[in-house]
Each structure stands twice: as structure tokens, then as C-alpha cells.
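Asks: Structure file input28.cif (mmCIF, C-alpha atoms) is given on the next line.
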data_structure
#
loop_
_atom_site.group_PDB
_atom_site.id
_atom_site.type_symbol
_atom_site.label_atom_id
_atom_site.label_comp_id
_atom_site.auth_asym_id
_atom_site.auth_seq_id
_atom_site.Cartn_x
_atom_site.Cartn_y
_atom_site.Cartn_z
ATOM 1 C CA MET A 1 -23.578 -5.044 14.357
ATOM 2 C CA HIS A 2 -20.991 -7.580 13.197
ATOM 3 C CA ASP A 3 -22.222 -9.488 10.149
ATOM 4 C CA PRO A 4 -20.564 -12.926 9.743
ATOM 5 C CA ARG A 5 -20.735 -12.525 5.939
ATOM 6 C CA VAL A 6 -18.455 -9.499 6.159
ATOM 7 C CA PRO A 7 -14.857 -10.333 7.138
ATOM 8 C CA GLU A 8 -13.439 -7.919 9.673
ATOM 9 C CA THR A 9 -10.361 -5.846 8.876
ATOM 10 C CA LEU A 10 -7.624 -4.354 11.034
ATOM 11 C CA GLU A 11 -6.205 -0.985 10.029
ATOM 12 C CA GLY A 12 -2.782 0.608 10.434
ATOM 13 C CA TRP A 13 -0.901 3.378 8.639
ATOM 14 C CA SER A 14 -2.809 5.869 6.526
ATOM 15 C CA VAL A 15 -1.064 5.946 3.141
ATOM 16 C CA LEU A 16 -0.733 8.504 0.353
ATOM 17 C CA HIS A 17 1.016 7.722 -2.921
ATOM 18 C CA GLN A 18 1.979 10.780 -4.971
ATOM 19 C CA MET A 19 3.301 10.378 -8.521
ATOM 20 C CA TYR A 20 4.970 13.279 -10.321
ATOM 21 C CA ARG A 21 6.455 14.067 -13.691
ATOM 22 C CA ILE A 22 9.487 16.347 -13.396
ATOM 23 C CA ARG A 23 9.574 19.313 -15.753
ATOM 24 C CA TRP A 24 13.151 18.587 -16.700
ATOM 25 C CA GLU A 25 13.540 21.316 -19.315
ATOM 26 C CA GLY A 26 12.587 24.060 -16.884
ATOM 27 C CA TRP A 27 14.639 22.535 -14.094
ATOM 28 C CA ARG A 28 17.770 22.282 -16.215
ATOM 29 C CA ALA A 29 17.323 25.894 -17.324
ATOM 30 C CA LEU A 30 18.134 27.020 -13.763
ATOM 31 C CA SER A 31 21.695 27.934 -12.895
ATOM 32 C CA ASP A 32 23.879 25.271 -11.292
ATOM 33 C CA GLY A 33 23.855 27.190 -8.029
ATOM 34 C CA GLU A 34 20.080 27.528 -7.855
ATOM 35 C CA ARG A 35 19.540 23.844 -8.667
ATOM 36 C CA LYS A 36 21.980 22.854 -5.933
ATOM 37 C CA GLU A 37 20.389 25.211 -3.414
ATOM 38 C CA ARG A 38 16.848 24.042 -4.176
ATOM 39 C CA ALA A 39 17.834 20.381 -4.111
ATOM 40 C CA SER A 40 19.544 20.771 -0.736
ATOM 41 C CA ALA A 41 16.553 22.637 0.695
ATOM 42 C CA THR A 42 14.237 19.896 -0.563
ATOM 43 C CA VAL A 43 16.304 17.186 1.127
ATOM 44 C CA ALA A 44 16.237 19.131 4.391
ATOM 45 C CA ALA A 45 12.441 19.527 4.173
ATOM 46 C CA LEU A 46 11.920 15.833 3.429
ATOM 47 C CA LYS A 47 14.138 14.840 6.351
ATOM 48 C CA ALA A 48 12.075 17.081 8.625
ATOM 49 C CA MET A 49 8.946 15.043 7.869
ATOM 50 C CA PRO A 50 7.645 12.615 10.524
ATOM 51 C CA ARG A 51 9.485 9.366 11.026
ATOM 52 C CA GLY A 52 9.587 6.454 13.442
ATOM 53 C CA GLU A 53 6.337 6.016 15.353
ATOM 54 C CA ASP A 54 4.797 8.949 13.467
ATOM 55 C CA GLY A 55 5.376 7.487 9.997
ATOM 56 C CA ALA A 56 7.763 7.698 7.080
ATOM 57 C CA THR A 57 8.116 8.979 3.526
ATOM 58 C CA ALA A 58 9.687 6.789 0.856
ATOM 59 C CA LEU A 59 11.132 8.039 -2.449
ATOM 60 C CA THR A 60 11.113 5.989 -5.658
ATOM 61 C CA THR A 61 12.228 6.817 -9.200
ATOM 62 C CA MET A 62 9.755 5.430 -11.725
ATOM 63 C CA LEU A 63 10.495 3.463 -14.876
ATOM 64 C CA GLY A 64 8.417 4.318 -17.925
ATOM 65 C CA HIS A 65 6.247 7.264 -18.898
ATOM 66 C CA LYS A 66 3.637 7.197 -16.108
ATOM 67 C CA ALA A 67 5.743 9.248 -13.703
ATOM 68 C CA ASP A 68 9.321 10.199 -12.863
ATOM 69 C CA LEU A 69 9.049 10.239 -9.097
ATOM 70 C CA MET A 70 6.799 8.567 -6.518
ATOM 71 C CA LEU A 71 6.516 9.659 -2.901
ATOM 72 C CA VAL A 72 4.797 7.272 -0.496
ATOM 73 C CA HIS A 73 3.745 8.730 2.843
ATOM 74 C CA PHE A 74 2.859 6.513 5.803
ATOM 75 C CA ARG A 75 1.167 8.431 8.607
ATOM 76 C CA ARG A 76 -1.013 7.874 11.684
ATOM 77 C CA ASP A 77 -4.128 9.524 10.255
ATOM 78 C CA PHE A 78 -5.522 11.560 7.374
ATOM 79 C CA ASP A 79 -4.684 14.874 9.067
ATOM 80 C CA ALA A 80 -1.025 13.860 8.977
ATOM 81 C CA LEU A 81 -1.380 12.819 5.328
ATOM 82 C CA GLN A 82 -2.813 16.236 4.534
ATOM 83 C CA GLN A 83 0.173 17.822 6.265
ATOM 84 C CA ALA A 84 2.498 15.684 4.138
ATOM 85 C CA GLN A 85 0.699 16.757 0.967
ATOM 86 C CA LEU A 86 0.959 20.412 1.967
ATOM 87 C CA ALA A 87 4.646 20.000 2.816
ATOM 88 C CA VAL A 88 5.356 18.526 -0.627
ATOM 89 C CA SER A 89 3.529 21.416 -2.285
ATOM 90 C CA ARG A 90 5.962 23.780 -0.537
ATOM 91 C CA LEU A 91 9.170 21.972 -1.404
ATOM 92 C CA ALA A 92 11.813 24.042 -3.135
ATOM 93 C CA VAL A 93 11.448 21.814 -6.224
ATOM 94 C CA ALA A 94 7.625 21.884 -6.173
ATOM 95 C CA PRO A 95 7.295 24.308 -9.143
ATOM 96 C CA TRP A 96 8.944 21.629 -11.314
ATOM 97 C CA LEU A 97 6.788 18.737 -10.078
ATOM 98 C CA GLU A 98 3.729 17.952 -12.190
ATOM 99 C CA PRO A 99 1.245 15.566 -10.517
ATOM 100 C CA THR A 100 0.275 12.607 -12.697
ATOM 101 C CA THR A 101 -1.809 10.606 -10.217
ATOM 102 C CA SER A 102 -2.190 9.774 -6.539
ATOM 103 C CA TYR A 103 -3.672 7.098 -4.315
ATOM 104 C CA VAL A 104 -5.203 7.197 -0.822
ATOM 105 C CA SER A 105 -5.560 4.093 1.337
ATOM 106 C CA VAL A 106 -5.083 2.586 4.804
ATOM 107 C CA VAL A 107 -2.877 -0.412 5.588
ATOM 108 C CA GLU A 108 -5.249 -3.338 6.058
ATOM 109 C CA LEU A 109 -5.168 -6.934 7.257
ATOM 110 C CA GLY A 110 -8.183 -9.005 6.222
ATOM 111 C CA MET A 111 -9.470 -11.373 8.900
ATOM 112 C CA TYR A 112 -11.485 -13.911 6.922
ATOM 113 C CA GLU A 113 -10.774 -16.979 9.025
ATOM 114 C CA MET A 114 -10.492 -15.108 12.315
ATOM 115 C CA THR A 115 -13.909 -13.495 11.813
ATOM 116 C CA ALA A 116 -15.536 -16.911 11.466
ATOM 117 C CA GLN A 117 -13.613 -18.292 14.442
ATOM 118 C CA ILE A 118 -14.661 -15.437 16.714
ATOM 119 C CA HIS A 119 -18.315 -15.814 15.708
ATOM 120 C CA ALA A 120 -18.096 -19.545 16.462
ATOM 121 C CA ARG A 121 -16.417 -19.033 19.848
ATOM 122 C CA LEU A 122 -18.966 -16.487 20.985
ATOM 123 C CA ALA A 123 -21.842 -18.700 19.815
ATOM 124 C CA ASP A 124 -20.374 -21.583 21.841
ATOM 125 C CA LYS A 125 -20.481 -19.285 24.877
ATOM 126 C CA GLY A 126 -24.199 -18.785 24.315
ATOM 127 C CA LEU A 127 -23.945 -15.149 23.266
ATOM 128 C CA ALA A 128 -26.691 -14.115 20.871
ATOM 129 C CA ARG A 129 -25.498 -12.352 17.728
ATOM 130 C CA GLY A 130 -26.512 -8.698 17.837
ATOM 131 C CA SER A 131 -26.783 -8.518 21.622
ATOM 132 C CA ASP A 132 -24.773 -5.958 23.578
ATOM 133 C CA GLU A 133 -22.809 -8.768 25.218
ATOM 134 C CA PHE A 134 -21.935 -10.275 21.838
ATOM 135 C CA GLU A 135 -20.839 -6.925 20.377
ATOM 136 C CA LYS A 136 -18.643 -6.100 23.375
ATOM 137 C CA ALA A 137 -17.060 -9.553 23.391
ATOM 138 C CA PHE A 138 -16.463 -9.394 19.621
ATOM 139 C CA ASP A 139 -14.810 -5.994 19.864
ATOM 140 C CA ALA A 140 -12.584 -7.248 22.695
ATOM 141 C CA GLU A 141 -11.487 -10.221 20.587
ATOM 142 C CA MET A 142 -10.661 -7.973 17.633
ATOM 143 C CA GLU A 143 -8.676 -5.612 19.845
ATOM 144 C CA GLU A 144 -6.614 -8.578 21.034
ATOM 145 C CA GLN A 145 -5.958 -9.540 17.415
ATOM 146 C CA ARG A 146 -4.964 -5.959 16.668
ATOM 147 C CA ARG A 147 -2.378 -5.980 19.470
ATOM 148 C CA ARG A 148 -1.007 -9.269 18.156
ATOM 149 C CA VAL A 149 -0.346 -7.928 14.633
ATOM 150 C CA MET A 150 0.545 -4.326 15.474
ATOM 151 C CA GLY A 151 3.972 -4.725 13.880
ATOM 152 C CA ARG A 152 2.384 -5.616 10.537
ATOM 153 C CA LEU A 153 -0.103 -2.744 10.687
ATOM 154 C CA PHE A 154 2.608 -0.173 11.390
ATOM 155 C CA GLN A 155 5.688 -1.723 9.821
ATOM 156 C CA GLU A 156 8.695 0.285 8.690
ATOM 157 C CA VAL A 157 9.246 0.988 5.014
ATOM 158 C CA PRO A 158 11.216 -2.027 3.736
ATOM 159 C CA ALA A 159 14.791 -1.042 2.851
ATOM 160 C CA ARG A 160 14.662 -2.828 -0.489
ATOM 161 C CA ARG A 161 15.750 -1.395 -3.810
ATOM 162 C CA HIS A 162 12.879 -2.338 -6.115
ATOM 163 C CA VAL A 163 9.286 -1.180 -5.649
ATOM 164 C CA CYS A 164 6.058 -2.184 -7.392
ATOM 165 C CA PHE A 165 2.699 -0.541 -6.696
ATOM 166 C CA TYR A 166 -0.673 -1.341 -8.232
ATOM 167 C CA PRO A 167 -4.355 -0.967 -7.337
ATOM 168 C CA MET A 168 -6.869 -3.786 -7.701
ATOM 169 C CA ASN A 169 -10.522 -4.770 -7.269
ATOM 170 C CA LYS A 170 -12.531 -7.899 -6.662
ATOM 171 C CA ARG A 171 -14.857 -8.408 -9.636
ATOM 172 C CA ARG A 172 -18.511 -7.432 -9.215
ATOM 173 C CA GLY A 173 -19.822 -8.411 -12.659
ATOM 174 C CA GLU A 174 -23.054 -10.133 -13.580
ATOM 175 C CA ALA A 175 -21.429 -13.544 -14.071
ATOM 176 C CA LYS A 176 -18.775 -13.325 -11.343
ATOM 177 C CA ASN A 177 -19.393 -11.278 -8.200
ATOM 178 C CA TRP A 178 -16.936 -11.761 -5.343
ATOM 179 C CA TYR A 179 -19.275 -10.184 -2.832
ATOM 180 C CA ALA A 180 -22.093 -12.589 -3.665
ATOM 181 C CA VAL A 181 -19.949 -15.694 -2.986
ATOM 182 C CA PRO A 182 -20.612 -17.400 0.385
ATOM 183 C CA VAL A 183 -18.150 -16.253 3.028
ATOM 184 C CA GLU A 184 -16.809 -19.779 3.532
ATOM 185 C CA GLU A 185 -15.836 -19.983 -0.146
ATOM 186 C CA ARG A 186 -14.237 -16.555 -0.077
ATOM 187 C CA ALA A 187 -12.236 -17.545 3.016
ATOM 188 C CA ARG A 188 -11.024 -20.729 1.316
ATOM 189 C CA MET A 189 -9.922 -18.872 -1.805
ATOM 190 C CA MET A 190 -8.100 -16.228 0.203
ATOM 191 C CA ARG A 191 -6.375 -18.929 2.229
ATOM 192 C CA ASP A 192 -5.165 -20.585 -0.995
ATOM 193 C CA HIS A 193 -4.125 -17.171 -2.317
ATOM 194 C CA GLY A 194 -2.075 -16.533 0.820
ATOM 195 C CA VAL A 195 -0.218 -19.829 0.475
ATOM 196 C CA ILE A 196 1.346 -18.592 -2.776
ATOM 197 C CA GLY A 197 2.394 -15.339 -1.160
ATOM 198 C CA ARG A 198 4.086 -17.156 1.709
ATOM 199 C CA HIS A 199 6.294 -19.018 -0.778
ATOM 200 C CA TYR A 200 7.877 -15.643 -1.563
ATOM 201 C CA ALA A 201 8.085 -14.433 2.041
ATOM 202 C CA GLY A 202 11.857 -14.058 2.100
ATOM 203 C CA ALA A 203 12.118 -12.517 -1.346
ATOM 204 C CA VAL A 204 9.408 -9.848 -1.207
ATOM 205 C CA THR A 205 7.801 -7.626 1.415
ATOM 206 C CA GLN A 206 4.145 -6.879 0.774
ATOM 207 C CA ILE A 207 2.025 -4.056 2.167
ATOM 208 C CA ILE A 208 -1.703 -4.279 1.416
ATOM 209 C CA SER A 209 -3.837 -1.189 1.943
ATOM 210 C CA GLY A 210 -7.599 -0.854 1.713
ATOM 211 C CA SER A 211 -9.071 1.981 -0.326
ATOM 212 C CA ILE A 212 -12.815 1.266 -0.486
ATOM 213 C CA GLY A 213 -14.416 4.656 0.017
ATOM 214 C CA PHE A 214 -11.053 6.411 -0.329
ATOM 215 C CA ASP A 215 -10.044 5.992 -3.982
ATOM 216 C CA ASP A 216 -11.122 4.550 -7.333
ATOM 217 C CA TRP A 217 -9.979 0.992 -6.616
ATOM 218 C CA GLU A 218 -10.601 -1.262 -3.621
ATOM 219 C CA TRP A 219 -7.034 -2.085 -2.593
ATOM 220 C CA GLY A 220 -3.515 -0.869 -3.169
ATOM 221 C CA VAL A 221 -0.587 -3.287 -3.200
ATOM 222 C CA ASP A 222 3.011 -2.253 -2.500
ATOM 223 C CA LEU A 223 5.754 -4.803 -3.116
ATOM 224 C CA PHE A 224 9.395 -4.327 -2.123
ATOM 225 C CA ALA A 225 12.179 -6.677 -3.279
ATOM 226 C CA ASP A 226 15.908 -6.839 -3.930
ATOM 227 C CA ASP A 227 15.308 -8.540 -7.288
ATOM 228 C CA PRO A 228 12.594 -7.087 -9.566
ATOM 229 C CA LEU A 229 12.003 -10.453 -11.243
ATOM 230 C CA VAL A 230 10.267 -11.495 -8.018
ATOM 231 C CA PHE A 231 7.384 -9.159 -8.898
ATOM 232 C CA LYS A 232 6.882 -10.866 -12.256
ATOM 233 C CA LYS A 233 7.074 -14.381 -10.863
ATOM 234 C CA LEU A 234 4.836 -13.738 -7.835
ATOM 235 C CA ILE A 235 2.100 -11.928 -9.726
ATOM 236 C CA TYR A 236 2.223 -14.421 -12.594
ATOM 237 C CA GLU A 237 1.834 -17.383 -10.242
ATOM 238 C CA MET A 238 -1.009 -15.702 -8.381
ATOM 239 C CA ARG A 239 -2.921 -15.202 -11.642
ATOM 240 C CA PHE A 240 -3.531 -18.949 -11.670
ATOM 241 C CA ASP A 241 -5.186 -19.226 -8.259
ATOM 242 C CA GLU A 242 -8.966 -19.166 -8.093
ATOM 243 C CA ALA A 243 -9.320 -15.844 -6.287
ATOM 244 C CA SER A 244 -7.316 -14.061 -8.984
ATOM 245 C CA ALA A 245 -8.307 -16.054 -12.067
ATOM 246 C CA TRP A 246 -12.025 -15.467 -11.563
ATOM 247 C CA TYR A 247 -12.317 -12.392 -9.387
ATOM 248 C CA ALA A 248 -9.254 -10.103 -9.586
ATOM 249 C CA GLU A 249 -9.126 -6.911 -11.647
ATOM 250 C CA PHE A 250 -5.860 -4.976 -11.812
ATOM 251 C CA GLY A 251 -5.161 -1.309 -12.364
ATOM 252 C CA PRO A 252 -1.970 0.279 -13.723
ATOM 253 C CA PHE A 253 1.385 -0.938 -12.421
ATOM 254 C CA TYR A 254 4.103 1.432 -11.221
ATOM 255 C CA VAL A 255 7.645 0.058 -10.919
ATOM 256 C CA GLY A 256 10.793 1.824 -9.858
ATOM 257 C CA LEU A 257 13.862 2.113 -7.651
ATOM 258 C CA GLN A 258 13.677 3.209 -4.045
ATOM 259 C CA PHE A 259 16.402 5.634 -3.005
ATOM 260 C CA THR A 260 17.645 7.499 0.037
ATOM 261 C CA MET A 261 16.681 11.149 0.553
ATOM 262 C CA ASP A 262 20.325 12.273 0.473
ATOM 263 C CA GLU A 263 20.509 10.927 -3.084
ATOM 264 C CA LEU A 264 17.818 13.264 -4.429
ATOM 265 C CA PRO A 265 20.293 15.933 -5.647
ATOM 266 C CA ARG A 266 22.113 13.292 -7.711
ATOM 267 C CA TYR A 267 18.828 12.219 -9.284
ATOM 268 C CA LEU A 268 17.925 15.812 -10.114
ATOM 269 C CA GLU A 269 21.308 16.131 -11.857
ATOM 270 C CA GLY A 270 20.577 13.135 -14.092
ATOM 271 C CA GLU A 271 22.251 10.324 -12.158
ATOM 272 C CA VAL A 272 20.659 7.116 -10.863
ATOM 273 C CA PRO A 273 20.200 7.578 -7.098
ATOM 274 C CA ALA A 274 21.249 4.844 -4.680
ATOM 275 C CA LEU A 275 19.511 3.206 -1.744
ATOM 276 C CA ARG A 276 22.017 3.633 1.064
ATOM 277 C CA ARG A 277 21.223 1.475 4.103
#
Can you present the structure in this file as C-alpha cells?

Replies:
Amino acid sequence: MHDPRVPETLEGWSVLHQMYRIRWEGWRALSDGERKERASATVAALKAMPRGEDGATALTTMLGHKADLMLVHFRRDFDALQQAQLAVSRLAVAPWLEPTTSYVSVVELGMYEMTAQIHARLADKGLARGSDEFEKAFDAEMEEQRRRVMGRLFQEVPARRHVCFYPMNKRRGEAKNWYAVPVEERARMMRDHGVIGRHYAGAVTQIISGSIGFDDWEWGVDLFADDPLVFKKLIYEMRFDEASAWYAEFGPFYVGLQFTMDELPRYLEGEVPALRR
């Protein structure tokens, strides 16, 4: 049964973030020939992973101590994510990759305003909430919305150099509880929140994924930009809107440089890898 207090969501790619620390001392202890051979084999294995309509895998070097390397897998379902995880565990460089953390989620579009509009339209048609007719009509409306935004649910990995990932929650404390706020107020705050994001539409590409029931936080946010200062300015400005100021809780931030798979051997030899378009 569709509850009007609960905004509907549309789902797309299943997503797995994998962060690793590279055991550099052990890796450098290998002979030049073995390092080259293992790096080349790893590139070949990564290139053999699904792409196009079946998904993608993005590589990012990480700044700071939290990780050296982040792999982000976009796939059609969790079975395909499991296959990606297994494939990484069998890479030729896997013995020198130490997991530091991971994150599981599904690309999500929240439908705050659309949920209310659909409920209103069906009520105007005389359909009683909870009836079979209402449920079928509601599902048909949502399927139409899903077709309309399919490109956003299954978008390609943005070919932008700088990457920022962080998880977040909506506060559920005793004084401030997002889920206890009337749906109309939540919709208004999210609408205002979205206005800020649209100001940065040309400078940053954002992928929001839902992780309630999948991981320790409620959402994961991936930002891609040509200029890393955009991350600072966007997130700083959003801190002042009502939805964030009162209700947002943020997890650790991961920032780095996206690079092309062919550049992995250079990275493993101590050079900064490039993003070749």
C-alpha cells in the first residue's frame, strides 16, 4: 500500500564502492618484470568487466590516509556487484590491496513532489487509497516516471577528473527527527535544497544512491567535477539550507582523482595517473 507520508523512490544502478590501501613496500619489493606483468594483467581484467548497458567500473586515486585507491562499480543488480567483488579479489595485484572500507547502495531519485501529485490526481479520479484500482493506477504512474528519468537512473560515469564521495543521514534525534516532520514540510525543504544544487549543474555531476537497509548510512553521494573547489563551495552553501542545517548528518569524505584504466601501471610505479578521454 502506498502511504502518502512516504515519498516514493525510483532505483537504477546497484553500486559498490571499494576502498583499498596499497601495500607499497611489498609491491615495490617485486622485480620490475613481475610488477609490469601483474599491472598489465590487472588492466586487462578490469577492461574485461561489464560496461555500457551492463555497467561500469571507475578508478580513483585517493588523497589522504583513508585509502590509496577507490573502485566504484555500477551494475544492474547485486549479483553483478558480487561478481565485480570476486573479480577484484582475483586481480593480479589483489595480494597487495588491503581493504579499508566499502559502501553498498542503489542509485536513487526521490519523488517527494511527484508522490503528492500522483496521490492528488488519483483522488480526483475518485480512486480510494488502498483499493486495487488505486494501487494499479499508482504503479502505472510511477512506471511512467521511471521511463522518463531512465537516463538519470542509469547514467554513465562522468568523465571528470575530480571525485568526492561521502555517506549521509537525515537526523532522527529527540529534538530533530526528519521522519517525524509532515511530508509537505519535507517536500518544501527538499525543493529548496535542490535549488542550490541546480546552481552548480554545469560545474558538478551528482549521483545520489540510497543505502537504507544496505549499509551503515542512509545515502551515498558521489560528486564529479573538473575543479575540486566546486565540492567545497557546493557543500558549504548547502550547509545553510534548512534541510541540511537542521537534519543532515555527514560521514567521512573521500576525495581523489579519477583516472583511466590504462594509466594504472603508471600509478603503481609512483606516477600520477591521467584521465584520458

Asks: How would you write, as a list in words, the residues chosen by the PyMOL selection byres ((chain A and resi 232-249) around 6) on this structure?

Replies: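 This file, filtered by the PyMOL selection byres ((chain A and resi 232-249) around 6), leaves Met168, Asn169, Lys170, Arg171, Met189, Leu229, Val230, Phe231 and Phe250 of chain A.
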
Asks: Is it possible to get the axis-aligned box enclosing range 98-110 of chain A (all listed atoms, 6 Å extra per side) as AutoDock Vina command-line options, with centre and edge lengths in Å rounded to one decimal?

Replies:
--center_x -2.2 --center_y 4.5 --center_z -2.7 --size_x 23.9 --size_y 39.0 --size_z 32.0

Asks: Choose the residue, out of A:Val104, A:Leu69, A:Leu81, A:Met150, that has the smallest atom-to-atom separation from Pro50 in chain A; count all atoms listed in the file.

Replies: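 Between A:Val104, A:Leu69, A:Leu81, A:Met150, the residue approaching Pro50 in chain A most closely is A:Leu81.
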
Asks: Given the file shown, determine the residues that the PyMOL selection byres ((chain A and resi 96) around 7) selects; report them as a tab-separated table (two decimals) with C-alpha atoms, in the coordinates of the input.

Replies:
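After the write, part29.tsv holds the following:
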chain	number	residue	atom	x	y	z
A	22	ILE	CA	9.49	16.35	-13.40
A	23	ARG	CA	9.57	19.31	-15.75
A	27	TRP	CA	14.64	22.54	-14.09
A	93	VAL	CA	11.45	21.81	-6.22
A	94	ALA	CA	7.62	21.88	-6.17
A	95	PRO	CA	7.30	24.31	-9.14
A	97	LEU	CA	6.79	18.74	-10.08
A	98	GLU	CA	3.73	17.95	-12.19

Asks: Might you spell out which residues the PyMOL selection byres ((chain A and resi 12) around 6) would select in the displayed file, as a PDB file with C-alpha atoms, in the coordinates of the input?

Replies:
ATOM      1  CA  GLU A  11      -6.205  -0.985  10.029  1.00  0.00           C
ATOM      2  CA  TRP A  13      -0.901   3.378   8.639  1.00  0.00           C
ATOM      3  CA  VAL A 107      -2.877  -0.412   5.588  1.00  0.00           C
ATOM      4  CA  LEU A 153      -0.103  -2.744  10.687  1.00  0.00           C
ATOM      5  CA  PHE A 154       2.608  -0.173  11.390  1.00  0.00           C
TER       6      PHE A 154
END

Asks: Could you tell me which of A:Leu268, A:Leu127, A:His73, A:Pro273 comes closest to Gly26 in chain A if we count only C-alpha atoms?

Replies: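 The answer is A:Leu268, which sits nearest to Gly26 in chain A.
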
Asks: Using all atoms listed in the file, collect all residues at a distance of at most 9 Å from (16.4, 3.7, 0.8) as written in the file, then present them as a short mmCIF file (atom, residue, chain, number, x, y, z; two decimals) with C-alpha atoms, in the frame of the given file.

Replies:
data_model
loop_
_atom_site.label_atom_id
_atom_site.label_comp_id
_atom_site.auth_asym_id
_atom_site.auth_seq_id
_atom_site.Cartn_x
_atom_site.Cartn_y
_atom_site.Cartn_z
CA ALA A 58 9.69 6.79 0.86
CA LEU A 59 11.13 8.04 -2.45
CA THR A 60 11.11 5.99 -5.66
CA VAL A 157 9.25 0.99 5.01
CA PRO A 158 11.22 -2.03 3.74
CA ALA A 159 14.79 -1.04 2.85
CA ARG A 160 14.66 -2.83 -0.49
CA ARG A 161 15.75 -1.40 -3.81
CA LEU A 257 13.86 2.11 -7.65
CA GLN A 258 13.68 3.21 -4.04
CA PHE A 259 16.40 5.63 -3.00
CA THR A 260 17.64 7.50 0.04
CA MET A 261 16.68 11.15 0.55
CA ALA A 274 21.25 4.84 -4.68
CA LEU A 275 19.51 3.21 -1.74
CA ARG A 276 22.02 3.63 1.06
CA ARG A 277 21.22 1.48 4.10
#

Asks: Just give me the gap between CA of Val195 in chain A and CA of Leu109 in chain A in Å, one decimal is fine.

Replies: 15.4 Å

Asks: Scan for residues within 10 Å of the point (-26.3, -7.7, 2.2) in the coordinates of the file, using all atoms listed in the file, and reply as a list in words.

Replies: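 Taken together, the residues in range are Asp3, Arg5, Val6, Tyr179 and Ala180 of chain A.
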
Asks: Provide the CA of Glu108 in chain A to CA of Ser209 in chain A distance in Å, to one decimal place.

Replies: 4.9 Å

Asks: Quick one: residues within 12 Å of Asp216 in chain A, all atoms listed in the file counted, chain neighbours fewer than 2 positions away excluded, as a PDB file with C-alpha atoms, keeping the file's coordinate frame?

Replies:
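Output contents, as saved in part_22.pdb:
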ATOM      1  CA  THR A 101      -1.809  10.606 -10.217  1.00  0.00           C
ATOM      2  CA  SER A 102      -2.190   9.774  -6.539  1.00  0.00           C
ATOM      3  CA  TYR A 103      -3.672   7.098  -4.315  1.00  0.00           C
ATOM      4  CA  VAL A 104      -5.203   7.197  -0.822  1.00  0.00           C
ATOM      5  CA  SER A 105      -5.560   4.093   1.337  1.00  0.00           C
ATOM      6  CA  PRO A 167      -4.355  -0.967  -7.337  1.00  0.00           C
ATOM      7  CA  MET A 168      -6.869  -3.786  -7.701  1.00  0.00           C
ATOM      8  CA  ASN A 169     -10.522  -4.770  -7.269  1.00  0.00           C
ATOM      9  CA  GLY A 210      -7.599  -0.854   1.713  1.00  0.00           C
ATOM     10  CA  SER A 211      -9.071   1.981  -0.326  1.00  0.00           C
ATOM     11  CA  ILE A 212     -12.815   1.266  -0.486  1.00  0.00           C
ATOM     12  CA  GLY A 213     -14.416   4.656   0.017  1.00  0.00           C
ATOM     13  CA  PHE A 214     -11.053   6.411  -0.329  1.00  0.00           C
ATOM     14  CA  GLU A 218     -10.601  -1.262  -3.621  1.00  0.00           C
ATOM     15  CA  TRP A 219      -7.034  -2.085  -2.593  1.00  0.00           C
ATOM     16  CA  GLY A 220      -3.515  -0.869  -3.169  1.00  0.00           C
ATOM     17  CA  PHE A 250      -5.860  -4.976 -11.812  1.00  0.00           C
ATOM     18  CA  GLY A 251      -5.161  -1.309 -12.364  1.00  0.00           C
ATOM     19  CA  PRO A 252      -1.970   0.279 -13.723  1.00  0.00           C
TER      20      PRO A 252
END

Asks: Between A:His162, A:Lys136, A:Lys66, A:Arg198, which residue has the minimum interatomic distance to Leu223 in chain A, considering all atoms listed in the file?

Replies: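 Closest candidate: A:His162.
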
Asks: At what distance in Å, to one decimal, does CA of Leu16 in chain A lie from CA of Phe74 in chain A?

Replies: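 For CA of Phe74 in chain A relative to CA of Leu16 in chain A, the distance reads 6.8 Å.
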
Asks: Which residues are near Gln85 in chain A? Cut-off 10 Å, only C-alpha atoms, ignore same chain within fewer than 5 positions. Put them as an MDAnalysis selection string.

Replies: chainID A and resid 16:18 71 73 79:80 90

Asks: Give me the residues within 12 Å of Thr115 in chain A as a list in words, counting all atoms listed in the file and dropping any in the same chain fewer than 6 places off.

Replies: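 These residues fall inside the cut-off: His2, Asp3, Pro4, Arg5, Val6, Pro7, Glu8, Thr9, Leu10, Leu109, Arg121, Leu122, Phe138, Asp139, Glu141, Met142, Gln145, Val183, Glu184 and Ala187 of chain A.
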
Asks: Would you give me, as a tab-separated table, each residue of range 198-264 of chain A having an atom within 9 Å of an atom of range 33-49 of chain A, along with its shortest atom pair and that distance in Å to one decimal, using all atoms listed in the file and sorting by chain and residue number?

Replies:
residue	atom	partner	partner_atom	distance
A:Met261	CA	A:Val43	CA	6.1
A:Asp262	CA	A:Val43	CA	6.4
A:Glu263	CA	A:Val43	CA	8.6
A:Leu264	CA	A:Val43	CA	7.0

Asks: Measuring between all atoms listed in the file, which one of A:Asn177, A:Gln83, A:Thr205, A:Ser31 shows the shortest distance to Asp222 in chain A?

Replies: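 Selected residue with least distance to Asp222 in chain A: A:Thr205.
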